[in-house]
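**Q** Dropping the structure in here first, questions after.
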Amino acid sequence: MELTNIKADFPLLVNRKIAYLDSGATTQKPFPVINAINEFYKNYNANPHRGAYSLSMEATEIYENTRTKIAKFINAKHREEIIFSKNATESLNLIAYSYGLENLKKNDEIVISIMEHHSNLVPWQKVAKTTGAKLNYMYINDEFEISDEEIQNKITDKTKIVGITHVSNVLGTINNIDKIIKYAHKKGAIVIVDASQSIPHMKIDVQKLDADFLVFSGHKMLAPLGIGVLYGKKELLNNMTPFLMGGDMIEYVHEQTTTYAPLPNKFEAGTQNVEGVIGLGSAIDYIENIGYDKIHEIEAEIVGYAIEKLSKIDYLTLYLTPNREHHSSVISFNIKGVHPHDVASILDNYGVCVRSGNHCAQPLLRSMGIDSTCRASFYFYNTKEDVDKLLEALDKAYKIFEKYITNSAKKS
Amino acid sequence: MEDLTDVYNELIMEHSMNSYNKKKLDSADYCQIGHNPNCGDEITLELKLNDNIIEDMAFSGHGCAISQASTSIMIDTLKGKTLDEAKEIIKTFIGMIKREITDEEELKKLEDAIAFKNVSNMPARVKCALLAWHTIEDILNKN
């Protein structure tokens, strides 16, 4: 693939002429993904697993082939270990309900990190409350990372479930999930990895990691909104009860009882988001075509450039680890003394899209003593020009506020 | 928007950064929290009534310039008004931000709060401007 003009593959980025720096929220979609969905509706649309006619068989084949593609993509041992969901949130809820509620008891411990997205936090509060288990947190150190000591202090013999985000959606910190998984397994706990912020940027190998569960959303990796994946080890998934009941997840249904279909259908009740699955398949092709090495190379250059420039600006506070190799593509920052929502509005006025707020991670921000940040998140279609636009817009925002910012706020 | 100083104007900036209304009342009749969960803005509004006149108000909390200034300027505008006058002003302010009321004559009763007129051009900021006004609505509806 010709890499000189990746942006040209993304119609929205061409049409809107914006510096889109919110890929951590959702990525833009390239032509091949948009075309694949278009093609499905023009030539293949039918309900998979239902019809005996050839059109439905073809739809089934496309749907199931994508499952195989995803299994290969994350190196799952069995294709039926891939369950389609709405998004990472639904995948995590499935695990919380079908594994957590069924397997935890009073005084067991659930350990998650303070940097979890609400989607990997609120479900565990519910599980803890219902089962009487304790919810404990691994906190970050001064470098916005979870130290080895913290891992060893918090994961104990009582720990049954560890939930950890691979990459923080606020800090960009890449957690040492390899170490966490090994240590948790030593203590007899299973580990759930939220790969939503990592899989768009780095190769995931579930067997090498030995992750028990791993979840991600398609829309953060070029695929459409509304499609997500749950990976689970076969023996775990087999022993779990279904999360949603309905069509296609059954074997025999009697008036009072039902037996369930084997994996993966057991966890895919009702007509599925087939266009989402097809879009996700196409997104994976696109990513593999460019290659994770190249993606890493592009992002390292652009994010590195952004960090270099942003760290030199006195009026900014950055919230990121100094260890570049532990940092992904998300940069949280604040203009000292100015609320991030105001900053984001002003940046928007200059065609720069960043997110502001608590990024669905209120406990993390509270533990850092702040309410909200601005967040610029990058993907391989971003350019140094996007970073320059951000820098110029930040200067303009600062100028609007400069004379009103009190001295005490400037130092904070 | 062409010129951001239409929104981030002198009055709004002064009120957002150093508001004299950001304090505690010695004895408040009402205390109400207003919260925008999506952005985290939070204010606590205190109100002291003298018969049916708003004798004093104050606020505490944190949030963006628009939400903080809107709270402070609302207090200036409503202090000394009767409850009925206050209700009318609140209705007009919400109408202005939602672009349902555009008549200049009608908007005059908003006094300084008219400074927020251009927020109606920034859909993402409407809820920031309205936070305090919805919060006082909650108080007055109880009355």
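Residue names in the structure tokens use chain letters A, B, ... in the order shown, residue numbers from 1 in each chain, and ligand numbers from 1 in the order shown.
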Using only C-alpha atoms, which chain B residues lie at most 9 Å away from chain A, written as JSON, numbers by chain?
**A** {"B": [1, 2, 4, 5, 8, 13, 14, 16, 17, 18, 38, 39, 40, 41, 62, 63, 64, 65, 66, 122, 124, 125]}
**Q** Compile the contact shell of stretch 137-141 of chain A as a ChimeraX atom specification: residues with an atom at most 9 Å away, counting only C-alpha atoms, same-chain residues fewer than 4 positions apart removed.
**A** /A:110-115,145-147,150-151,153-155,364,367
**Q** One number please: atom CA of A:Ile34 to atom CA of A:Arg16, in Å, one decimal.
**A**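 These two atoms are separated by 16.9 Å.
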**Q** For A:Asp285, please output as a list in words all residues within 12 Å (counting only C-alpha atoms; exclusion window: fewer than 2 positions along the same chain).
**A**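 Surrounding residues, per the criterion: Met1, Pro30, Pro32, Val33, Ala36, Thr66, Lys69, Ile70, Lys72, Phe73, Met221, Leu222, Ala223, Ile278, Gly279, Leu280, Gly281, Ser282, Ala283, Ile287, Glu288, Asn289, Ile290, Gly291 and Tyr292 of chain A.
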